[in-house]
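Pasting target-v5.tsv here (TSV, C-alpha atoms):
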chain	number	residue	atom	x	y	z
E	1	MET	CA	10.33	8.73	3.27
E	2	ASN	CA	11.82	7.11	0.16
E	3	LEU	CA	9.13	4.44	0.23
E	4	THR	CA	6.19	6.85	0.25
E	5	ARG	CA	7.84	8.99	-2.42
E	6	ALA	CA	8.40	5.93	-4.60
E	7	ARG	CA	4.77	4.88	-4.12
E	8	THR	CA	3.58	8.36	-5.09
E	9	ALA	CA	5.70	8.31	-8.26
E	10	ILE	CA	4.51	4.83	-9.28
E	11	THR	CA	0.88	5.76	-8.54
E	12	ARG	CA	1.21	8.71	-10.89
E	13	GLU	CA	2.74	6.44	-13.53
E	14	ARG	CA	-0.19	4.06	-13.16
E	15	GLY	CA	-2.57	6.98	-13.63
E	16	ARG	CA	-0.78	7.96	-16.83
E	17	ALA	CA	-0.93	4.36	-18.06
E	18	ALA	CA	-4.68	4.34	-17.39
E	19	GLN	CA	-5.03	7.51	-19.46
E	20	ARG	CA	-3.06	5.91	-22.30
E	21	LEU	CA	-5.45	2.94	-22.16
E	22	GLU	CA	-8.22	5.34	-23.15
E	23	LYS	CA	-6.66	5.99	-26.57
E	24	PRO	CA	-7.25	2.55	-28.17
E	25	LEU	CA	-10.71	2.42	-26.58
E	26	GLU	CA	-11.64	5.82	-27.99
E	27	ASP	CA	-10.21	4.84	-31.39
E	28	ALA	CA	-12.46	1.77	-31.35
E	29	GLY	CA	-15.52	3.84	-30.41
E	30	ILE	CA	-15.73	2.29	-26.93
E	31	LYS	CA	-17.01	4.93	-24.47
E	32	LEU	CA	-16.82	2.86	-21.29
E	33	SER	CA	-15.33	5.70	-19.23
E	34	ALA	CA	-18.37	7.87	-20.00
E	35	VAL	CA	-20.58	5.46	-18.04
E	36	ALA	CA	-18.31	3.71	-15.53
E	37	ALA	CA	-16.54	6.01	-13.09
E	38	ASP	CA	-13.67	3.54	-12.71
E	39	VAL	CA	-12.74	1.72	-15.90
E	40	LEU	CA	-10.23	-0.38	-13.93
E	41	GLY	CA	-12.75	-1.42	-11.28
E	42	VAL	CA	-14.15	-4.93	-10.99
E	43	SER	CA	-16.86	-4.38	-13.62
E	44	GLY	CA	-14.73	-2.34	-16.00
E	45	ARG	CA	-11.85	-4.80	-15.86
E	46	ALA	CA	-14.17	-7.75	-16.56
E	47	MET	CA	-15.54	-5.95	-19.63
E	48	LEU	CA	-12.07	-5.05	-20.88
E	49	ASP	CA	-10.81	-8.61	-20.43
E	50	ALA	CA	-13.82	-9.94	-22.34
E	51	LEU	CA	-13.27	-7.42	-25.15
E	52	ILE	CA	-9.63	-8.41	-25.45
E	53	ALA	CA	-10.60	-12.11	-25.42
E	54	GLY	CA	-12.78	-11.51	-28.48
E	55	ASP	CA	-16.29	-11.03	-27.08
E	56	HIS	CA	-17.67	-8.02	-28.94
E	57	ASP	CA	-21.38	-8.46	-28.13
E	58	PRO	CA	-22.36	-5.17	-26.35
E	59	ALA	CA	-25.26	-6.77	-24.47
E	60	ALA	CA	-23.12	-9.62	-23.15
E	61	LEU	CA	-20.36	-7.23	-22.17
E	62	ALA	CA	-22.78	-4.90	-20.36
E	63	ASP	CA	-24.20	-7.89	-18.46
E	64	LEU	CA	-20.81	-8.27	-16.76
E	65	ALA	CA	-21.56	-5.16	-14.69
E	66	LYS	CA	-21.63	-5.65	-10.93
E	67	ARG	CA	-23.67	-4.06	-8.13
E	68	ARG	CA	-24.74	-0.44	-8.68
E	69	LEU	CA	-23.37	-0.36	-12.21
E	70	ARG	CA	-26.05	-2.84	-13.27
E	71	SER	CA	-28.56	0.00	-13.16
E	72	LYS	CA	-26.66	1.49	-16.12
E	73	ILE	CA	-26.78	-1.59	-18.36
E	74	PRO	CA	-28.66	0.20	-21.21
E	75	ALA	CA	-26.07	3.00	-21.23
E	76	LEU	CA	-23.26	0.44	-20.99
E	77	THR	CA	-24.63	-1.47	-23.95
E	78	GLU	CA	-24.52	1.69	-26.04
E	79	ALA	CA	-21.07	2.66	-24.76
E	80	LEU	CA	-19.64	-0.79	-25.59
E	81	THR	CA	-20.89	-0.71	-29.17
E	82	GLY	CA	-17.88	-0.05	-31.37
E	83	ARG	CA	-15.35	-1.52	-33.78
E	84	PHE	CA	-12.88	-3.17	-31.42
E	85	THR	CA	-10.28	-5.02	-33.54
E	86	ASP	CA	-7.33	-7.29	-32.77
E	87	HIS	CA	-5.07	-4.23	-33.05
E	88	HIS	CA	-7.02	-2.45	-30.32
E	89	ALA	CA	-6.99	-5.62	-28.20
E	90	PHE	CA	-3.19	-5.86	-28.45
E	91	LEU	CA	-2.66	-2.24	-27.39
E	92	ALA	CA	-5.21	-2.48	-24.56
E	93	GLN	CA	-3.52	-5.62	-23.22
E	94	VAL	CA	-0.10	-3.92	-23.26
E	95	HIS	CA	-1.46	-1.04	-21.19
E	96	LEU	CA	-3.31	-3.36	-18.80
E	97	ASP	CA	-0.16	-5.42	-18.22
E	98	LEU	CA	1.74	-2.24	-17.42
E	99	ILE	CA	-1.01	-1.12	-15.02
E	100	ASP	CA	-0.93	-4.52	-13.29
E	101	ARG	CA	2.84	-4.28	-12.80
E	102	HIS	CA	2.43	-0.81	-11.30
E	103	THR	CA	-0.32	-2.10	-9.01
E	104	ALA	CA	1.85	-5.00	-7.82
E	105	ALA	CA	4.71	-2.60	-7.04
E	106	ILE	CA	2.37	-0.27	-5.16
E	107	ASN	CA	1.00	-3.14	-3.07
E	108	LYS	CA	4.53	-4.28	-2.23
E	109	LEU	CA	5.54	-0.76	-1.21
E	110	THR	CA	2.37	-0.33	0.87
E	111	ALA	CA	3.08	-3.52	2.81
E	112	ARG	CA	6.62	-2.32	3.52
E	113	ILE	CA	5.40	1.14	4.56
E	114	GLU	CA	2.86	-0.35	6.98
E	115	ALA	CA	5.58	-2.43	8.61
E	116	ILE	CA	7.99	0.48	8.99
E	117	THR	CA	5.39	2.95	10.28
E	118	GLU	CA	4.07	0.54	12.94
E	119	PRO	CA	5.99	2.35	15.74
E	120	PHE	CA	4.15	5.55	14.77
E	121	ARG	CA	0.72	3.90	14.57
E	122	GLY	CA	-0.69	6.09	17.34
E	123	PHE	CA	0.15	9.34	15.55
E	124	HIS	CA	-0.91	7.83	12.22
E	125	ASP	CA	-4.36	6.83	13.48
E	126	LEU	CA	-4.72	10.13	15.33
E	127	ILE	CA	-4.36	12.32	12.24
E	128	CYS	CA	-6.65	10.00	10.28
E	129	THR	CA	-9.49	11.44	12.39
E	130	ILE	CA	-9.14	14.72	10.45
E	131	PRO	CA	-11.72	14.79	7.61
E	132	GLY	CA	-10.11	14.24	4.21
E	133	ILE	CA	-6.95	12.56	5.51
E	134	SER	CA	-6.89	8.95	4.33
E	135	THR	CA	-4.53	6.20	5.38
E	136	LEU	CA	-2.29	6.85	2.36
E	137	THR	CA	-2.17	10.58	3.10
E	138	ALA	CA	-1.33	9.85	6.73
E	139	ASP	CA	1.53	7.61	5.54
E	140	VAL	CA	3.03	10.56	3.66
E	141	ILE	CA	2.60	12.92	6.63
E	142	VAL	CA	4.32	10.43	8.95
E	143	ALA	CA	7.17	9.91	6.49
E	144	GLU	CA	7.77	13.59	5.75
E	145	THR	CA	7.46	14.88	9.33
E	146	GLY	CA	8.93	11.88	11.12
E	147	ALA	CA	5.76	11.86	13.28
E	148	ASP	CA	7.52	14.35	15.57
E	149	LEU	CA	5.85	17.77	15.53
E	150	THR	CA	7.60	18.93	18.69
E	151	ARG	CA	10.59	19.97	16.58
E	152	PHE	CA	8.44	22.86	15.35
E	153	PRO	CA	8.08	25.61	18.02
E	154	THR	CA	4.64	26.74	16.79
E	155	ALA	CA	1.97	25.66	14.31
E	156	LYS	CA	3.18	28.35	11.93
E	157	HIS	CA	6.53	26.63	11.46
E	158	PRO	CA	5.32	23.38	9.80
E	159	ALA	CA	2.89	25.41	7.68
E	160	SER	CA	5.75	27.60	6.47
E	161	TRP	CA	8.02	24.58	5.90
E	162	ALA	CA	5.33	22.91	3.80
E	163	GLY	CA	4.80	26.05	1.71
E	164	THR	CA	1.20	26.73	2.73
E	165	THR	CA	1.67	30.23	4.18
E	166	PRO	CA	1.41	33.51	2.21
E	167	GLY	CA	4.65	35.20	1.20
E	168	ASN	CA	5.78	38.41	2.87
E	169	ASN	CA	7.20	40.48	0.02
E	170	LYS	CA	6.82	44.11	1.02
E	171	SER	CA	8.51	47.30	-0.12
E	172	ALA	CA	7.93	50.80	1.27
E	173	GLY	CA	4.98	49.51	3.26
E	174	LYS	CA	3.25	48.03	0.20
E	175	VAL	CA	2.63	44.34	-0.33
E	176	LYS	CA	4.23	43.41	-3.66
E	177	SER	CA	3.36	39.72	-3.59
E	178	SER	CA	1.73	37.28	-1.20
E	179	ARG	CA	2.33	34.13	-3.23
E	180	THR	CA	3.16	31.05	-1.18
E	181	ARG	CA	6.80	30.10	-1.01
E	182	PRO	CA	8.15	26.76	-2.28
E	183	GLY	CA	7.75	23.98	0.25
E	184	ASN	CA	7.85	20.21	0.57
E	185	PRO	CA	6.24	19.04	-2.72
E	186	TYR	CA	5.40	15.54	-1.46
E	187	LEU	CA	3.62	16.85	1.61
E	188	GLN	CA	1.88	19.51	-0.48
E	189	GLY	CA	0.64	16.88	-2.94
E	190	ALA	CA	-0.80	14.68	-0.21
E	191	LEU	CA	-2.42	17.58	1.65
E	192	GLY	CA	-3.76	19.02	-1.61
E	193	ALA	CA	-5.60	15.77	-2.35
E	194	ALA	CA	-6.92	15.71	1.22
E	195	ALA	CA	-8.14	19.31	0.86
E	196	MET	CA	-9.99	18.41	-2.33
E	197	ALA	CA	-11.67	15.54	-0.49
E	198	CYS	CA	-12.75	18.00	2.21
E	199	SER	CA	-14.25	20.33	-0.37
E	200	GLN	CA	-16.74	17.60	-1.31
E	201	ASN	CA	-18.00	17.17	2.26
E	202	PRO	CA	-20.58	19.83	3.23
E	203	SER	CA	-20.97	18.62	6.81
E	204	THR	CA	-17.45	19.44	8.08
E	205	TYR	CA	-15.79	22.66	9.18
E	206	LEU	CA	-13.01	22.27	6.60
E	207	GLY	CA	-15.57	21.79	3.84
E	208	ALA	CA	-17.46	24.92	4.91
E	209	ARG	CA	-14.20	26.88	5.13
E	210	TYR	CA	-13.18	25.73	1.65
E	211	ARG	CA	-16.44	26.87	0.06
E	212	ARG	CA	-16.35	30.14	2.00
E	213	ILE	CA	-12.86	31.01	0.67
E	214	ALA	CA	-13.41	29.59	-2.82
E	215	SER	CA	-16.42	31.85	-3.36
E	216	ARG	CA	-14.26	34.93	-2.76
E	217	ARG	CA	-10.72	33.99	-3.80
E	218	GLY	CA	-11.04	30.93	-6.01
E	219	PRO	CA	-10.55	27.17	-5.53
E	220	GLN	CA	-6.75	27.18	-5.71
E	221	LYS	CA	-6.27	29.58	-2.80
E	222	ALA	CA	-9.03	27.81	-0.90
E	223	ASN	CA	-7.17	24.53	-1.32
E	224	VAL	CA	-3.95	26.03	0.08
E	225	ALA	CA	-5.88	27.54	2.99
E	226	ILE	CA	-7.33	24.13	3.88
E	227	GLN	CA	-3.84	22.61	3.72
E	228	HIS	CA	-2.72	25.30	6.19
E	229	SER	CA	-5.66	24.51	8.49
E	230	MET	CA	-4.88	20.79	8.35
E	231	LEU	CA	-1.23	21.33	9.24
E	232	THR	CA	-2.24	23.58	12.13
E	233	ALA	CA	-4.56	20.87	13.43
E	234	ILE	CA	-1.88	18.20	12.93
E	235	TRP	CA	0.64	20.26	14.92
E	236	HIS	CA	-1.74	20.70	17.85
E	237	MET	CA	-2.73	17.02	17.78
E	238	GLY	CA	0.87	15.85	17.45
E	239	THR	CA	2.14	17.98	20.32
E	240	THR	CA	-0.77	17.45	22.71
E	241	GLY	CA	-2.14	14.05	21.66
E	242	THR	CA	-5.71	15.35	21.51
E	243	LEU	CA	-8.30	14.05	19.06
E	244	TYR	CA	-9.60	16.21	16.24
E	245	ASP	CA	-12.75	18.08	17.25
E	246	ASP	CA	-14.64	19.20	14.18
E	247	PRO	CA	-16.65	22.42	14.76
E	248	GLY	CA	-19.18	21.28	12.14
E	249	GLY	CA	-20.30	22.47	8.74
E	250	ASP	CA	-22.58	25.10	10.31
E	251	TYR	CA	-19.73	26.69	12.30
E	252	PHE	CA	-19.73	29.98	10.39
E	253	THR	CA	-23.52	30.19	10.50
E	254	ARG	CA	-23.44	29.79	14.28
E	255	LEU	CA	-20.52	32.22	14.55
E	256	HIS	CA	-22.30	35.00	12.64
E	257	PRO	CA	-26.04	34.15	12.53
E	258	ASP	CA	-27.05	37.67	11.48
E	259	ARG	CA	-24.71	37.60	8.51
E	260	ALA	CA	-26.08	34.23	7.41
E	261	LYS	CA	-29.65	35.53	7.75
E	262	ASN	CA	-28.96	38.73	5.80
E	263	ARG	CA	-27.13	36.82	3.07
E	264	ALA	CA	-30.09	34.48	2.63
E	265	ILE	CA	-32.50	37.43	2.49
E	266	HIS	CA	-30.41	39.24	-0.13
E	267	GLN	CA	-30.26	36.12	-2.27
E	268	LEU	CA	-34.02	35.68	-2.18
E	269	GLU	CA	-34.60	39.36	-2.92
E	270	ALA	CA	-32.22	39.17	-5.87
E	271	MET	CA	-34.44	36.37	-7.21
E	272	GLY	CA	-37.48	38.65	-7.03
E	273	TYR	CA	-39.00	37.52	-3.74
E	274	ARG	CA	-40.29	39.77	-0.97
E	275	VAL	CA	-39.09	38.36	2.32
E	276	THR	CA	-40.86	38.67	5.68
E	277	LEU	CA	-39.35	36.96	8.70
E	278	ASP	CA	-41.27	35.57	11.67
E	279	HIS	CA	-39.64	33.89	14.65
E	280	ALA	CA	-40.50	30.19	14.92
E	281	SER	CA	-42.58	29.42	17.99
Take the structure in the file and give it back as structure tokens.
Amino acid sequence: MNLTRARTAITRERGRAAQRLEKPLEDAGIKLSAVAADVLGVSGRAMLDALIAGDHDPAALADLAKRRLRSKIPALTEALTGRFTDHHAFLAQVHLDLIDRHTAAINKLTARIEAITEPFRGFHDLICTIPGISTLTADVIVAETGADLTRFPTAKHPASWAGTTPGNNKSAGKVKSSRTRPGNPYLQGALGAAAMACSQNPSTYLGARYRRIASRRGPQKANVAIQHSMLTAIWHMGTTGTLYDDPGGDYFTRLHPDRAKNRAIHQLEAMGYRVTLDHAS
């Protein structure tokens, strides 16, 4: 538990260091992050190292791009055109050194975590079959739950413990608040990231459920709802040993086909179309 929590804290520190690296680059007019999704990736790091070493030729720097990023060489050339001085190089190197130290610490912690969680490898690999749950997320789930879900009588208990269930604040028969109660922040953080990953996948049940709730209640509540669904699935998998069976991204369409049809018709009519339906032969 302490290992995964330490890794989470250091990972966040590395993220903040990466954000601080942006300041000297922006001050020098270098817009590398506007073109490269990962400034600290192989291509971005090669360009930064060359800048710090004194190579300020935008074309030569852009030519250091690897793989798919090479298709953006014209944009990279423009983004790397600036006034990068020795002062900017010094600051950038300080931040890169700090990022490298964080990365080394994270790698050391990860190796230790993998060794300690080896006895729980079966449960770890089992929950990794849930869409959105990566190896790192599974590490946190194993550490925070002890890989023993049988201590929870029902699926509602781990969801409540993690703080993913609505509150039950009622008075005189009226609901005063349904805000979620405080829960395990480390588990919430890991599941929240997993839920965001699910929201980007249109072909899974969790992705479809996220979009369905987000359209009515907003992305934040949709994220918490997906966390709740994940914990429910984890409880059932952990107590029965069954694999995750994804109902599919078209689950709600298959569940209520008439609703899906009427919704599509209303959308087309709102756009000014007259809709006539014929059954496919």
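Distance check against Ile106 of chain E using only C-alpha atoms: of E:Val42, E:Ala89, E:Leu136, E:Met196, the minimum falls on E:Leu136.
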Using all atoms listed in the file, find the one residue out of E:Ile133, E:Leu149, E:Ala264, E:Leu243 that sits nearest to Ala197 of chain E.
E:Ile133
Tell me, as a tab-separated table (two decimals) with C-alpha atoms, keeping the file's coordinate frame, which residues lie within 8 Å of segment 63-73 of chain E, counting all atoms listed in the file; anything in the same chain fewer than 3 positions away does not count.
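The new file out-v4.tsv reads:
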chain	number	residue	atom	x	y	z
E	35	VAL	CA	-20.58	5.46	-18.04
E	36	ALA	CA	-18.31	3.71	-15.53
E	42	VAL	CA	-14.15	-4.93	-10.99
E	43	SER	CA	-16.86	-4.38	-13.62
E	44	GLY	CA	-14.73	-2.34	-16.00
E	46	ALA	CA	-14.17	-7.75	-16.56
E	47	MET	CA	-15.54	-5.95	-19.63
E	59	ALA	CA	-25.26	-6.77	-24.47
E	60	ALA	CA	-23.12	-9.62	-23.15
E	76	LEU	CA	-23.26	0.44	-20.99
E	77	THR	CA	-24.63	-1.47	-23.95
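Each of E:Thr137, E:Gly272, E:Asp250, E:Asp245 was compared to Ala195 of chain E using only C-alpha atoms, and E:Thr137 turns out to be the nearest.
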Report as a ChimeraX atom specification all protein, DNA and RNA residues lying within 8 Å of Arg7 of chain E, evaluated on all atoms listed in the file, omitting residues in the same chain fewer than 2 positions from it.
/E:3-5,9-11,106,109-110
If I put a ball of radius 12 Å at (5.0, 12.2, -1.1) in the file's coordinates, which residues poke into it when counting all atoms listed in the file, written as a compact mmCIF listing (two decimals) with C-alpha atoms, in the coordinates of the input?
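Generated file (result_35.txt):
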# COMPACT_ATOMS: atom_id res chain seq x y z
CA MET E 1 10.33 8.73 3.27
CA ASN E 2 11.82 7.11 0.16
CA LEU E 3 9.13 4.44 0.23
CA THR E 4 6.19 6.85 0.25
CA ARG E 5 7.84 8.99 -2.42
CA ALA E 6 8.40 5.93 -4.60
CA ARG E 7 4.77 4.88 -4.12
CA THR E 8 3.58 8.36 -5.09
CA ALA E 9 5.70 8.31 -8.26
CA ILE E 10 4.51 4.83 -9.28
CA THR E 11 0.88 5.76 -8.54
CA ARG E 12 1.21 8.71 -10.89
CA LEU E 136 -2.29 6.85 2.36
CA THR E 137 -2.17 10.58 3.10
CA ALA E 138 -1.33 9.85 6.73
CA ASP E 139 1.53 7.61 5.54
CA VAL E 140 3.03 10.56 3.66
CA ILE E 141 2.60 12.92 6.63
CA VAL E 142 4.32 10.43 8.95
CA ALA E 143 7.17 9.91 6.49
CA GLU E 144 7.77 13.59 5.75
CA THR E 145 7.46 14.88 9.33
CA ALA E 162 5.33 22.91 3.80
CA ASN E 184 7.85 20.21 0.57
CA PRO E 185 6.24 19.04 -2.72
CA TYR E 186 5.40 15.54 -1.46
CA LEU E 187 3.62 16.85 1.61
CA GLN E 188 1.88 19.51 -0.48
CA GLY E 189 0.64 16.88 -2.94
CA ALA E 190 -0.80 14.68 -0.21
CA LEU E 191 -2.42 17.58 1.65
CA GLY E 192 -3.76 19.02 -1.61
CA ALA E 193 -5.60 15.77 -2.35
Between atom CA of Arg121 of chain E and atom CA of Asp148 of chain E, what is the distance, to one decimal in Å?
12.5 Å
Excluding Thr242 of chain E and residues on its chain fewer than 6 positions from it, collect all residues at most 10 Å away from it, counting all atoms listed in the file, and give them as a PyMOL selection string.
chain E and resi 126-127+233-234+236
Which residue out of E:Ala260, E:Arg212, E:Thr135, E:Val224 has the minimum interatomic distance to Glu114 of chain E when all atoms listed in the file are used?
E:Thr135
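Between atom CA of Ala17 of chain E and atom CA of Asp55 of chain E there is a distance of 23.5 Å.
Residues lying within 8 Å of Ala92 of chain E, counting only C-alpha atoms and ignoring same-chain neighbours fewer than 4 positions away, are E:Leu21, E:Pro24, E:Leu25, E:Ile52, E:His88, E:Leu96.
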